[in-house]
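Chemist: Just model.txt, nothing more (compact mmCIF, C-alpha atoms):
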```txt
# COMPACT_ATOMS: atom_id res chain seq x y z
CA MET K 1 -17.93 11.94 -61.79
CA ILE K 2 -18.48 9.90 -58.63
CA ASP K 3 -15.32 9.01 -56.77
CA GLU K 4 -15.12 5.19 -56.72
CA ASP K 5 -13.86 5.11 -53.15
CA VAL K 6 -16.64 7.39 -51.94
CA LEU K 7 -19.22 5.25 -53.72
CA ALA K 8 -17.78 2.03 -52.31
CA GLY K 9 -17.80 3.48 -48.79
CA HIS K 10 -21.45 4.51 -48.96
CA GLN K 11 -22.49 1.25 -50.60
CA GLN K 12 -20.80 -0.71 -47.85
CA GLU K 13 -22.61 1.32 -45.20
CA LEU K 14 -25.93 0.75 -46.95
CA ARG K 15 -25.35 -3.00 -47.26
CA ARG K 16 -24.05 -3.61 -43.77
CA GLY K 17 -27.43 -4.09 -42.14
CA THR K 18 -28.87 -6.16 -44.97
CA VAL K 19 -26.51 -9.10 -44.33
CA VAL K 20 -28.28 -9.87 -41.05
CA MET K 21 -31.66 -9.87 -42.79
CA ALA K 22 -30.34 -12.02 -45.63
CA ALA K 23 -28.81 -14.54 -43.22
CA LEU K 24 -31.94 -14.79 -41.07
CA ALA K 25 -34.14 -15.17 -44.15
CA THR K 26 -31.94 -17.75 -45.87
CA LEU K 27 -31.42 -19.90 -42.79
CA GLU K 28 -35.15 -20.60 -42.45
CA THR K 29 -33.90 -23.72 -44.24
CA PRO K 30 -31.00 -25.05 -42.15
CA GLY K 31 -27.58 -24.52 -43.69
CA TYR K 32 -23.90 -24.12 -42.87
CA GLY K 33 -21.56 -21.19 -43.26
CA TYR K 34 -20.09 -21.83 -46.65
CA GLY K 35 -23.49 -22.82 -48.11
CA LEU K 36 -24.94 -19.50 -46.95
CA LEU K 37 -21.95 -17.66 -48.39
CA ALA K 38 -22.57 -19.25 -51.79
CA VAL K 39 -26.33 -18.58 -51.70
CA LEU K 40 -25.80 -14.92 -50.85
CA GLU K 41 -23.18 -14.61 -53.59
CA HIS K 42 -25.65 -16.06 -56.12
CA SER K 43 -28.44 -13.72 -55.10
CA GLY K 44 -26.27 -10.64 -55.50
CA LEU K 45 -25.78 -10.00 -51.78
CA SER K 46 -22.12 -10.90 -51.78
CA VAL K 47 -20.47 -10.68 -48.36
CA ASP K 48 -16.90 -11.41 -47.29
CA ALA K 49 -16.23 -14.76 -45.62
CA ASN K 50 -14.44 -13.05 -42.75
CA THR K 51 -17.51 -10.90 -42.13
CA LEU K 52 -20.09 -13.68 -42.41
CA TYR K 53 -18.51 -16.31 -40.13
CA PRO K 54 -18.14 -14.02 -37.10
CA LEU K 55 -21.61 -12.59 -37.82
CA LEU K 56 -23.16 -16.07 -37.68
CA ARG K 57 -21.50 -16.65 -34.35
CA ARG K 58 -22.77 -13.33 -33.00
CA LEU K 59 -26.34 -14.08 -34.15
CA GLU K 60 -26.06 -17.48 -32.47
CA ARG K 61 -24.95 -15.90 -29.20
CA GLN K 62 -27.85 -13.44 -29.43
CA GLY K 63 -30.20 -16.41 -29.75
CA LEU K 64 -31.36 -15.42 -33.24
CA LEU K 65 -29.86 -18.55 -34.79
CA GLU K 66 -29.81 -22.09 -33.48
CA ALA K 67 -26.63 -24.01 -34.18
CA GLU K 68 -25.41 -27.56 -33.82
CA TRP K 69 -22.48 -29.51 -35.13
CA ASP K 70 -23.43 -31.91 -37.92
CA THR K 71 -21.12 -34.94 -37.76
CA THR K 72 -22.88 -37.12 -40.32
CA GLU K 73 -20.71 -35.87 -43.20
CA SER K 74 -17.02 -36.53 -43.87
CA ARG K 75 -16.06 -33.67 -41.58
CA PRO K 76 -17.98 -31.77 -38.90
CA ARG K 77 -19.90 -28.67 -39.95
CA LYS K 78 -21.84 -26.22 -37.89
CA MET K 79 -25.44 -26.12 -39.07
CA TYR K 80 -27.41 -22.96 -38.46
CA LYS K 81 -31.17 -22.47 -38.36
CA THR K 82 -33.19 -19.33 -37.73
CA SER K 83 -34.78 -19.46 -34.27
CA ASP K 84 -38.23 -18.17 -33.32
CA SER K 85 -36.81 -14.94 -31.96
CA GLY K 86 -34.69 -14.69 -35.13
CA ARG K 87 -37.87 -14.92 -37.21
CA ALA K 88 -39.54 -12.25 -35.06
CA LEU K 89 -36.52 -9.98 -35.42
CA LEU K 90 -36.46 -10.51 -39.17
CA LYS K 91 -40.11 -9.45 -39.36
CA ARG K 92 -39.35 -6.23 -37.49
CA LEU K 93 -36.32 -5.52 -39.64
CA GLU K 94 -38.30 -6.11 -42.81
CA SER K 95 -41.04 -3.70 -41.82
CA GLU K 96 -38.33 -1.16 -40.89
CA TRP K 97 -36.73 -1.71 -44.28
CA ASN K 98 -40.02 -1.22 -46.10
CA ALA K 99 -40.83 1.89 -44.09
CA LEU K 100 -37.43 3.35 -44.97
CA ALA K 101 -37.88 2.54 -48.63
CA GLY K 102 -41.35 4.11 -48.55
CA SER K 103 -40.13 7.30 -46.90
CA LEU K 104 -37.24 7.55 -49.30
CA ASN K 105 -39.62 7.12 -52.23
CA ASN K 106 -41.90 9.84 -50.93
CA LEU K 107 -38.97 12.21 -50.72
CA ARG K 108 -37.94 11.40 -54.27
CA THR K 109 -41.39 11.77 -55.82
CA THR K 110 -42.64 14.92 -54.10
CA ASP K 111 -41.46 18.26 -55.34
CA PRO K 112 -38.44 18.99 -53.13
CA ARG K 113 -39.40 22.66 -52.73
CA LYS K 114 -42.89 21.75 -51.61
CA ALA K 115 -41.50 19.29 -49.07
CA LEU K 116 -39.36 22.04 -47.62
CA LYS K 117 -42.36 24.33 -47.19
CA GLU K 118 -44.10 21.75 -45.08
CA LEU K 119 -41.31 21.77 -42.56
CA PRO K 120 -42.42 23.40 -39.31
CA MET P 1 -3.85 -30.78 -41.27
CA SER P 2 -1.30 -28.79 -43.23
CA THR P 3 1.09 -26.33 -41.65
CA LEU P 4 -0.35 -23.03 -42.93
CA THR P 5 -3.88 -23.95 -41.89
CA SER P 6 -2.89 -25.11 -38.42
CA ARG P 7 -0.75 -22.04 -37.94
CA TYR P 8 -3.68 -19.85 -38.97
CA ILE P 9 -6.04 -21.61 -36.56
CA THR P 10 -3.54 -21.29 -33.74
CA ALA P 11 -3.12 -17.58 -34.47
CA VAL P 12 -6.89 -17.02 -34.31
CA SER P 13 -7.50 -19.14 -31.23
CA ARG P 14 -4.69 -17.48 -29.33
CA ALA P 15 -6.45 -14.13 -29.70
CA VAL P 16 -9.92 -15.17 -28.47
CA PRO P 17 -10.89 -15.62 -24.82
CA ASP P 18 -10.44 -19.08 -23.26
CA SER P 19 -14.16 -19.72 -23.02
CA GLN P 20 -14.66 -19.49 -26.79
CA ARG P 21 -11.38 -21.03 -27.87
CA SER P 22 -12.29 -24.62 -28.76
CA ASP P 23 -15.52 -23.57 -30.44
CA VAL P 24 -13.88 -20.88 -32.55
CA GLU P 25 -11.06 -23.27 -33.48
CA ALA P 26 -13.56 -25.80 -34.80
CA GLU P 27 -15.50 -23.12 -36.67
CA VAL P 28 -12.41 -21.67 -38.33
CA ALA P 29 -11.17 -25.13 -39.26
CA ALA P 30 -14.51 -25.95 -40.88
CA ALA P 31 -14.57 -22.60 -42.68
CA ILE P 32 -11.07 -23.10 -44.10
CA ALA P 33 -11.95 -26.62 -45.20
CA ASP P 34 -15.13 -25.44 -46.95
CA LEU P 35 -13.45 -22.48 -48.62
CA SER P 36 -10.50 -24.50 -49.92
CA GLU P 37 -12.78 -27.31 -51.09
CA ALA P 38 -14.67 -24.79 -53.21
CA LYS P 39 -11.38 -23.58 -54.71
CA LEU P 40 -10.33 -27.17 -55.40
CA ASP P 41 -13.62 -27.80 -57.19
CA ALA P 42 -12.92 -24.70 -59.29
CA GLY P 43 -9.66 -26.33 -60.42
CA ALA P 44 -7.03 -24.88 -58.09
CA THR P 45 -4.08 -26.92 -56.80
CA PRO P 46 -4.27 -27.84 -53.07
CA GLU P 47 -1.61 -25.23 -52.21
CA GLU P 48 -3.39 -22.48 -54.12
CA ALA P 49 -6.72 -23.48 -52.62
CA GLU P 50 -5.38 -23.32 -49.07
CA ARG P 51 -3.62 -20.03 -49.69
CA SER P 52 -6.63 -18.29 -51.19
CA ALA P 53 -8.91 -19.67 -48.45
CA LEU P 54 -6.65 -18.13 -45.80
CA LEU P 55 -6.41 -14.89 -47.77
CA GLU P 56 -10.17 -14.72 -47.90
CA LEU P 57 -10.42 -15.02 -44.11
CA GLY P 58 -7.73 -12.35 -43.80
CA ASP P 59 -5.60 -11.25 -40.84
CA PRO P 60 -6.16 -13.80 -38.04
CA MET P 61 -6.04 -11.09 -35.39
CA ARG P 62 -8.83 -9.18 -37.09
CA LEU P 63 -10.90 -12.35 -37.50
CA ALA P 64 -10.37 -13.22 -33.83
CA ALA P 65 -11.47 -9.70 -32.84
CA ASP P 66 -14.61 -10.08 -34.97
CA TYR P 67 -15.33 -13.46 -33.39
CA SER P 68 -14.88 -12.31 -29.82
CA ASN P 69 -16.33 -8.83 -30.38
CA ARG P 70 -13.20 -7.18 -29.07
CA PRO P 71 -12.13 -3.69 -30.11
CA LEU P 72 -9.36 -3.36 -32.68
CA HIS P 73 -8.42 0.09 -31.41
CA LEU P 74 -6.60 1.24 -28.30
CA ILE P 75 -9.05 3.99 -27.38
CA GLY P 76 -12.39 4.15 -29.14
CA PRO P 77 -14.70 7.03 -30.02
CA ASP P 78 -16.53 6.77 -26.68
CA HIS P 79 -13.50 7.71 -24.64
CA PHE P 80 -11.26 9.51 -27.11
CA PRO P 81 -12.59 13.07 -26.45
CA THR P 82 -12.20 12.65 -22.68
CA TYR P 83 -8.75 11.16 -23.22
CA VAL P 84 -7.54 14.12 -25.28
CA ARG P 85 -9.08 16.64 -22.89
CA LEU P 86 -7.41 15.04 -19.88
CA LEU P 87 -4.02 14.93 -21.63
CA LYS P 88 -4.30 18.62 -22.49
CA VAL P 89 -5.23 19.60 -18.93
CA LEU P 90 -2.36 17.58 -17.47
CA ALA P 91 0.13 18.95 -19.99
CA ALA P 92 -0.94 22.51 -19.17
CA THR P 93 -0.79 22.10 -15.39
CA VAL P 94 1.43 19.28 -14.15
CA LEU P 95 4.26 19.80 -16.66
CA PRO P 96 5.04 23.49 -15.99
CA ILE P 97 4.55 23.17 -12.22
CA ALA P 98 6.84 20.16 -11.91
CA THR P 99 9.46 21.70 -14.18
CA ILE P 100 9.53 24.98 -12.25
CA ALA P 101 9.76 23.01 -8.99
CA VAL P 102 12.79 21.13 -10.31
CA ILE P 103 14.42 24.37 -11.48
CA VAL P 104 13.92 26.03 -8.09
CA ALA P 105 15.23 22.96 -6.24
CA LYS P 106 18.32 22.83 -8.45
CA LEU P 107 19.00 26.55 -8.00
CA LEU P 108 18.66 26.35 -4.25
CA THR P 109 21.22 23.55 -4.13
CA GLY P 110 23.65 25.79 -6.00
CA ALA P 111 23.66 24.13 -9.43
CA ASP P 112 25.06 26.11 -12.37
CA ALA P 113 23.06 27.17 -15.43
CA GLY P 114 23.93 24.08 -17.47
CA GLN P 115 22.88 21.66 -14.72
CA VAL P 116 19.63 23.56 -14.18
CA ALA P 117 18.80 23.52 -17.90
CA ALA P 118 19.67 19.83 -18.20
CA ALA P 119 17.54 18.92 -15.18
CA ALA P 120 14.62 21.01 -16.47
CA VAL P 121 14.71 19.47 -19.95
CA THR P 122 15.05 15.89 -18.66
CA THR P 123 12.22 16.37 -16.17
CA LEU P 124 10.00 17.88 -18.83
CA LEU P 125 10.62 15.07 -21.34
CA GLN P 126 10.38 12.23 -18.83
CA LEU P 127 7.28 13.60 -17.20
CA ALA P 128 5.59 14.19 -20.58
CA MET P 129 6.35 10.59 -21.61
CA GLN P 130 5.15 9.17 -18.31
CA LEU P 131 1.95 11.22 -18.36
CA ALA P 132 1.10 10.26 -21.93
CA PHE P 133 1.95 6.61 -21.32
CA TRP P 134 0.00 6.08 -18.12
CA VAL P 135 -3.05 8.04 -19.22
CA THR P 136 -3.09 5.95 -22.40
CA VAL P 137 -2.78 2.70 -20.44
CA VAL P 138 -5.64 3.66 -18.13
CA PHE P 139 -7.90 4.59 -21.02
CA ALA P 140 -7.01 1.44 -22.96
CA ILE P 141 -8.08 -0.58 -19.89
CA ILE P 142 -11.28 1.43 -19.52
CA GLU P 143 -12.01 0.80 -23.20
CA ARG P 144 -11.76 -2.93 -22.55
CA SER P 145 -13.80 -3.08 -19.36
CA PRO P 146 -17.43 -4.13 -19.73
CA GLY P 147 -19.93 -1.44 -18.88
CA SER P 148 -17.46 1.37 -19.41
CA LYS P 149 -19.54 2.76 -22.26
CA VAL P 150 -22.03 4.28 -19.84
CA MET P 151 -19.29 5.68 -17.63
CA HIS P 152 -17.81 8.40 -19.82
CA PRO P 153 -18.89 11.92 -18.91
CA LYS P 154 -21.70 13.16 -21.07
CA TRP P 155 -20.80 16.15 -23.18
CA ASP P 156 -22.61 19.32 -22.28
CA PRO P 157 -22.61 22.73 -24.02
CA SER P 158 -21.17 24.31 -20.87
CA MET P 159 -17.95 22.39 -21.55
CA LEU P 160 -17.25 24.48 -24.65
CA PRO P 161 -13.93 26.35 -24.41
CA ASP P 162 -14.04 30.14 -24.55
CA SER P 163 -13.70 31.34 -28.10
CA PRO P 164 -10.60 33.48 -28.67
CA THR P 165 -11.57 37.13 -28.75
CA GLY P 166 -8.82 38.07 -31.17
CA ARG P 167 -7.33 41.48 -31.98
CA ALA P 168 -4.94 43.59 -29.97
CA ARG P 169 -6.26 44.65 -26.56
CA LEU P 170 -5.34 48.17 -25.46
CA GLY P 171 -4.94 47.16 -21.80
CA ASP P 172 -2.48 44.38 -22.69
CA THR P 173 -0.46 46.73 -24.83
CA VAL P 174 -0.25 49.47 -22.22
CA VAL P 175 0.85 47.01 -19.53
CA SER P 176 3.48 45.44 -21.81
CA VAL P 177 4.89 48.81 -22.89
CA LEU P 178 5.06 50.09 -19.30
CA LEU P 179 6.75 46.90 -18.17
CA ALA P 180 9.38 47.07 -20.93
CA LEU P 181 10.03 50.78 -20.30
CA GLY P 182 10.15 50.17 -16.55
CA VAL P 183 12.87 47.53 -16.89
CA ALA P 184 14.73 49.76 -19.37
CA ALA P 185 14.53 52.72 -16.95
CA TYR P 186 15.65 50.57 -14.02
CA LEU P 187 19.02 49.89 -15.67
CA PRO P 188 20.35 53.51 -15.53
CA TRP P 189 18.36 54.31 -12.38
CA GLN P 190 19.98 51.57 -10.30
CA HIS P 191 23.38 52.90 -11.38
CA PHE P 192 22.98 56.59 -10.62
CA ARG P 193 20.23 56.75 -8.02
CA SER P 194 20.39 53.46 -6.18
CA PRO P 195 18.63 53.66 -2.81
CA PHE P 196 21.49 51.64 -1.31
CA THR P 197 24.37 53.77 -0.14
CA SER P 198 27.80 52.97 1.20
CA SER P 199 29.10 54.34 4.50
CA ASP P 200 30.31 57.53 2.80
CA GLY P 201 26.84 58.17 1.30
CA SER P 202 27.62 57.39 -2.36
CA PRO P 203 25.07 55.07 -4.09
CA ILE P 204 25.87 51.36 -4.52
CA PRO P 205 24.55 50.11 -7.88
CA THR P 206 22.72 46.77 -7.72
CA LEU P 207 24.20 45.52 -11.02
CA ASP P 208 27.90 45.12 -11.65
CA PRO P 209 29.02 48.46 -13.26
CA GLY P 210 31.50 46.51 -15.40
CA LEU P 211 28.50 45.26 -17.38
CA TRP P 212 27.95 48.73 -18.86
CA GLN P 213 30.80 47.90 -21.23
CA SER P 214 29.18 44.62 -22.28
CA TRP P 215 25.64 43.42 -21.56
CA ILE P 216 23.66 46.29 -20.07
CA PRO P 217 23.42 48.17 -23.43
CA VAL P 218 22.11 44.94 -25.00
CA LEU P 219 19.47 44.53 -22.30
CA LEU P 220 18.49 48.17 -22.63
CA ALA P 221 18.17 47.83 -26.41
CA ALA P 222 16.12 44.64 -26.08
CA MET P 223 13.66 46.28 -23.69
CA LEU P 224 13.24 49.43 -25.82
CA ALA P 225 12.76 47.26 -28.92
CA MET P 226 10.15 45.27 -26.99
CA ALA P 227 8.20 48.46 -26.22
CA VAL P 228 8.32 49.45 -29.89
CA LEU P 229 7.21 45.96 -30.91
CA GLU P 230 4.19 46.13 -28.60
CA ILE P 231 3.11 49.42 -30.17
CA LEU P 232 3.60 48.10 -33.70
CA ARG P 233 1.65 44.97 -32.84
CA TYR P 234 -1.22 47.05 -31.48
CA ARG P 235 -1.30 49.14 -34.64
CA ALA P 236 -1.26 45.99 -36.81
CA GLY P 237 -4.28 44.70 -34.89
CA GLY P 238 -2.86 41.62 -33.19
CA TRP P 239 -0.27 38.90 -33.22
CA SER P 240 1.05 37.60 -36.49
CA LEU P 241 3.72 34.94 -36.96
CA LYS P 242 6.31 37.65 -37.65
CA PHE P 243 5.58 39.42 -34.36
CA VAL P 244 5.68 36.13 -32.46
CA PHE P 245 9.15 35.41 -33.82
CA VAL P 246 10.54 38.90 -33.15
CA ASN P 247 8.99 38.91 -29.69
CA ALA P 248 10.58 35.54 -28.88
CA ALA P 249 13.95 36.71 -30.21
CA LEU P 250 13.86 39.91 -28.11
CA ASN P 251 12.80 37.94 -25.05
CA LEU P 252 15.72 35.57 -25.52
CA LEU P 253 18.09 38.47 -26.15
CA PHE P 254 17.16 39.76 -22.72
CA ALA P 255 16.71 36.52 -20.79
CA VAL P 256 19.73 34.52 -21.92
CA PRO P 257 22.35 37.09 -20.75
CA VAL P 258 20.47 37.79 -17.51
CA ILE P 259 20.11 34.11 -16.62
CA TRP P 260 23.65 33.37 -17.71
CA LEU P 261 25.15 36.22 -15.69
CA ALA P 262 23.01 35.42 -12.65
CA ALA P 263 24.00 31.75 -12.79
CA ALA P 264 27.66 32.72 -13.10
CA GLY P 265 27.26 35.12 -10.16
CA SER P 266 28.50 38.11 -12.16
CA LEU P 267 25.23 40.01 -12.56
CA LEU P 268 25.04 41.69 -9.17
CA GLU P 269 27.52 44.19 -7.81
CA PRO P 270 29.53 42.39 -5.07
CA ALA P 271 29.43 45.48 -2.80
CA PHE P 272 25.63 45.48 -3.03
CA VAL P 273 25.43 41.78 -2.12
CA GLN P 274 27.86 42.35 0.74
CA ARG P 275 25.62 45.14 1.99
CA LEU P 276 22.66 42.73 2.10
CA VAL P 277 24.77 40.09 3.87
CA ASP P 278 25.82 42.71 6.41
CA ALA P 279 22.17 43.60 6.88
CA GLY P 280 21.53 40.01 7.99
CA TRP P 281 20.60 38.18 4.76
CA ALA P 282 23.26 35.47 4.90
CA ASN P 283 22.37 33.70 1.65
CA ALA P 284 21.65 36.88 -0.33
CA ASP P 285 23.94 35.96 -3.24
CA LEU P 286 22.45 32.52 -3.92
CA GLN P 287 18.83 33.31 -3.18
CA LEU P 288 18.77 36.61 -5.06
CA ASN P 289 20.34 35.08 -8.16
CA ALA P 290 17.99 32.10 -8.00
CA THR P 291 14.99 34.42 -7.76
CA ILE P 292 16.21 36.48 -10.71
CA ILE P 293 16.64 33.34 -12.83
CA VAL P 294 13.24 31.88 -11.96
CA VAL P 295 11.38 35.16 -12.43
CA THR P 296 13.15 35.97 -15.72
CA ALA P 297 12.62 32.48 -17.11
CA GLY P 298 9.01 32.47 -15.96
CA VAL P 299 8.15 35.88 -17.40
CA VAL P 300 9.85 35.15 -20.72
CA LEU P 301 8.27 31.71 -21.00
CA TRP P 302 4.85 33.12 -20.19
CA ASP P 303 5.25 35.95 -22.71
CA VAL P 304 6.24 33.60 -25.54
CA VAL P 305 3.56 31.02 -24.71
CA ASP P 306 0.96 33.77 -24.42
CA SER P 307 1.86 35.17 -27.84
CA LEU P 308 1.59 31.69 -29.36
CA ARG P 309 -1.72 31.13 -27.59
CA LYS P 310 -3.20 34.35 -28.95
CA LEU P 311 -1.81 33.88 -32.46
CA PRO P 312 -4.64 31.69 -33.88
CA GLY P 313 -7.42 33.89 -32.51
CA ASP P 314 -5.79 37.11 -33.67
CA ALA P 315 -5.02 35.65 -37.09
CA ALA P 316 -8.62 34.49 -37.44
CA ALA P 317 -9.97 37.86 -36.32
CA LEU P 318 -7.65 39.66 -38.75
CA ALA P 319 -8.67 37.37 -41.60
CA LEU P 320 -12.37 37.85 -40.83
CA GLY P 321 -11.99 41.56 -40.34
CA THR P 322 -14.38 41.41 -37.38
CA PRO P 323 -14.49 44.60 -35.37
CA GLY P 324 -12.49 44.12 -32.20
CA GLN P 325 -11.29 46.50 -29.54
CA GLY P 326 -8.18 47.36 -31.50
CA PRO P 327 -7.92 49.93 -34.26
CA ALA P 328 -9.05 49.12 -37.78
CA ILE P 329 -6.40 47.73 -40.07
CA PRO P 330 -5.14 50.46 -42.37
CA GLY P 331 -5.98 49.75 -45.99
```
Let me see the file written as structure tokens.

Modeler:
Amino acid sequence: MIDEDVLAGHQQELRRGTVVMAALATLETPGYGYGLLAVLEHSGLSVDANTLYPLLRRLERQGLLEAEWDTTESRPRKMYKTSDSGRALLKRLESEWNALAGSLNNLRTTDPRKALKELP
Amino acid sequence: MSTLTSRYITAVSRAVPDSQRSDVEAEVAAAIADLSEAKLDAGATPEEAERSALLELGDPMRLAADYSNRPLHLIGPDHFPTYVRLLKVLAATVLPIATIAVIVAKLLTGADAGQVAAAAVTTLLQLAMQLAFWVTVVFAIIERSPGSKVMHPKWDPSMLPDSPTGRARLGDTVVSVLLALGVAAYLPWQHFRSPFTSSDGSPIPTLDPGLWQSWIPVLLAAMLAMAVLEILRYRAGGWSLKFVFVNAALNLLFAVPVIWLAAAGSLLEPAFVQRLVDAGWANADLQLNATIIVVTAGVVLWDVVDSLRKLPGDAAALALGTPGQGPAIPG
């Protein structure tokens, strides 16, 4: 049987990079932290609040998100929006993601012994 | 703003740099408000909502570290190998040198065995603590300085330590046996055939003849047993834990009486010392005893440390059964 802790550790490693992609993709439509948290939760990409909030700030500092305080509501909220460089980065990450998935698929579908023979 | 929330925000903002403080405070406040509002909508009481919102954000120090991108470790993976290597080098060089220096200084000022031992142990402990502490402080600062990631020395294959060769070495064994037999032979030789003679031509022994009734037989037995041990160890193919223990015990059996007697001034024959004083060596008693203590302690310490150092390699070689320079293991 698979050890639950081992599984959880590997899953977490696999998911880590996807949060950035999910945030950049979702914030094409402007939104605030908690809204993004809820959207990600709904779409099965659940992420901890204490991971997401600092991540949003980091992406903002890297210029991948644009942020401004929205004071029209009852209390101020920081609204985030994917910037142009954020969109460009997302595109690169997506093609990387697809390339990885493609390579992984190739490995899974070819006969493993044959793949080994092709190694130099 | 309720107490728990404001306390949480204060705890976070205290741990982020000044420049980000007000911004992070506002962000955390908004996050807590949003999270607890969601809990309230789900039917929680205000207290429960606040509590679970704070629990969800977790340890404020960790959150602050995530916000400000600061490390949550003292010394990270970039510097840890260098840190450990430096500590090992310092422990292997500075500690023994400083301790021996203190021992020599104490002996030269005429301290007795207890004072010398106390000074040596205190120096060793204090110096070890100081070394570990300051090296750690320096590395913790390096870890936190910007740009330090490119500074650490790049690892290179030439930095690999020599692999232990393992197995008993014939040369080592011969030297050890000769040394043990030499010391054993010196004990009767200095008594009957001492090169120092009194005015009437009879030999003056270097060691107090009264010791033949007490310690000299013990020293003789320890040295002969040491020679036997070396031969047995060679036949067995190297150090094992059992040999290390017996070797240490025999070393102590020899060194403790010698050092004790030398420190008490009852090791050397007074007539022999007087002869040296007459020959012009005014401080012969003190300096000779001090030399005996330092040399004995040094040799014994080295022998024990050396056996411990070779133990892992020899044990590994024995377990692997790799052909070494020593004889094959019987059976």

Chemist: Please check the contacts: residues of chain K at most 10 Å away from chain P, using only C-alpha atoms, listed as a PDB file with C-alpha atoms, keeping the file's coordinate frame.

Modeler:
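Output below, filename result.pdb:
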```pdb
ATOM      1  CA  TYR K  32     -23.900 -24.120 -42.870  1.00  0.00           C
ATOM      2  CA  GLY K  33     -21.560 -21.190 -43.260  1.00  0.00           C
ATOM      3  CA  TYR K  34     -20.090 -21.830 -46.650  1.00  0.00           C
ATOM      4  CA  GLY K  35     -23.490 -22.820 -48.110  1.00  0.00           C
ATOM      5  CA  LEU K  37     -21.950 -17.660 -48.390  1.00  0.00           C
ATOM      6  CA  ALA K  38     -22.570 -19.250 -51.790  1.00  0.00           C
ATOM      7  CA  ASP K  48     -16.900 -11.410 -47.290  1.00  0.00           C
ATOM      8  CA  ALA K  49     -16.230 -14.760 -45.620  1.00  0.00           C
ATOM      9  CA  ASN K  50     -14.440 -13.050 -42.750  1.00  0.00           C
ATOM     10  CA  THR K  51     -17.510 -10.900 -42.130  1.00  0.00           C
ATOM     11  CA  LEU K  52     -20.090 -13.680 -42.410  1.00  0.00           C
ATOM     12  CA  TYR K  53     -18.510 -16.310 -40.130  1.00  0.00           C
ATOM     13  CA  PRO K  54     -18.140 -14.020 -37.100  1.00  0.00           C
ATOM     14  CA  LEU K  55     -21.610 -12.590 -37.820  1.00  0.00           C
ATOM     15  CA  LEU K  56     -23.160 -16.070 -37.680  1.00  0.00           C
ATOM     16  CA  ARG K  57     -21.500 -16.650 -34.350  1.00  0.00           C
ATOM     17  CA  ARG K  58     -22.770 -13.330 -33.000  1.00  0.00           C
ATOM     18  CA  TRP K  69     -22.480 -29.510 -35.130  1.00  0.00           C
ATOM     19  CA  ARG K  75     -16.060 -33.670 -41.580  1.00  0.00           C
ATOM     20  CA  PRO K  76     -17.980 -31.770 -38.900  1.00  0.00           C
ATOM     21  CA  ARG K  77     -19.900 -28.670 -39.950  1.00  0.00           C
ATOM     22  CA  LYS K  78     -21.840 -26.220 -37.890  1.00  0.00           C
TER      23      LYS K  78
END
```

Chemist: Calculate how many Å separate atom CA of Ala22 of chain K from atom CA of Leu40 of chain K, rounding to one decimal.

Modeler: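 A separation of 7.5 Å between them.
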
Chemist: Could you name the residues that touch Leu288 of chain P at 9 Å or less, counting all atoms listed in the file, but leaving out those on the same chain fewer than 4 positions away, as a list in words?

Modeler: Ala262, Val273, Asn283, Ala284, Ile292 and Ile293 of chain P

Chemist: Using all atoms listed in the file, give me every residue within 10 Å of (-36.2, -12.8, -30.4) in file coordinates, as a PyMOL selection string.

Modeler: chain K and resi 62-65+83-90

Chemist: Considering all atoms listed in the file, return as a PyMOL selection string whatever protein or nucleic-acid residues lie within 8 Å of Val300 of chain P, sequence-local ones (same chain, fewer than 4 positions apart) excluded.

Modeler: chain P and resi 251-252+255+296+304

Chemist: Write out as a list in words each polymer residue whose atoms come within 10 Å of Ile259 of chain P, counting only C-alpha atoms; drop sequence neighbours fewer than 6 positions from it.

Modeler: Ala113, Gly265, Leu267, Asn289, Ala290, Ile292, Ile293, Val294, Val295, Thr296 and Ala297 of chain P

Chemist: What's the separation between atom CA of Leu229 of chain P and atom CA of Val258 of chain P, in Å to one decimal place?

Modeler: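 Separating atom CA of Leu229 of chain P from atom CA of Val258 of chain P is a distance of 20.5 Å.
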
Chemist: Env of Val177 of chain P: 8 Å cut, atoms = only C-alpha atoms, seq-sep filter 4 positions within chain, self excluded. Answer as a PyMOL selection string.

Modeler: chain P and resi 173+181+226-228+230-231

Chemist: State, in Å with one decimal place, the distance from atom CA of Glu68 of chain K to atom CA of Lys81 of chain K.

Modeler: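 For atom CA of Glu68 of chain K relative to atom CA of Lys81 of chain K, the distance reads 8.9 Å.
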
Chemist: Which one of P:Ala105, P:Ala248, P:Ser214, P:Trp239 sits closest to Ala319 of chain P if you count all atoms listed in the file?

Modeler: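 Using all atoms listed in the file, the shortest distance to Ala319 of chain P belongs to P:Trp239.
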
Chemist: Neighbours of Ser266 of chain P within 10 Å (only C-alpha atoms; same-chain residues fewer than 6 positions away dropped), as a VMD selection string?

Modeler: chain P and resid 207 to 208 210 to 211 258 260 289

Chemist: Report the centre and edge lengths, in Å to one decimal, of an axis-aligned box enclosing every atom of segment 8-12 of chain K listed in the file, padded by 6 Å on each side, as AutoDock Vina command-line options.

Modeler:
```
--center_x -20.1 --center_y 1.9 --center_z -50.1 --size_x 16.7 --size_y 17.2 --size_z 16.5
```
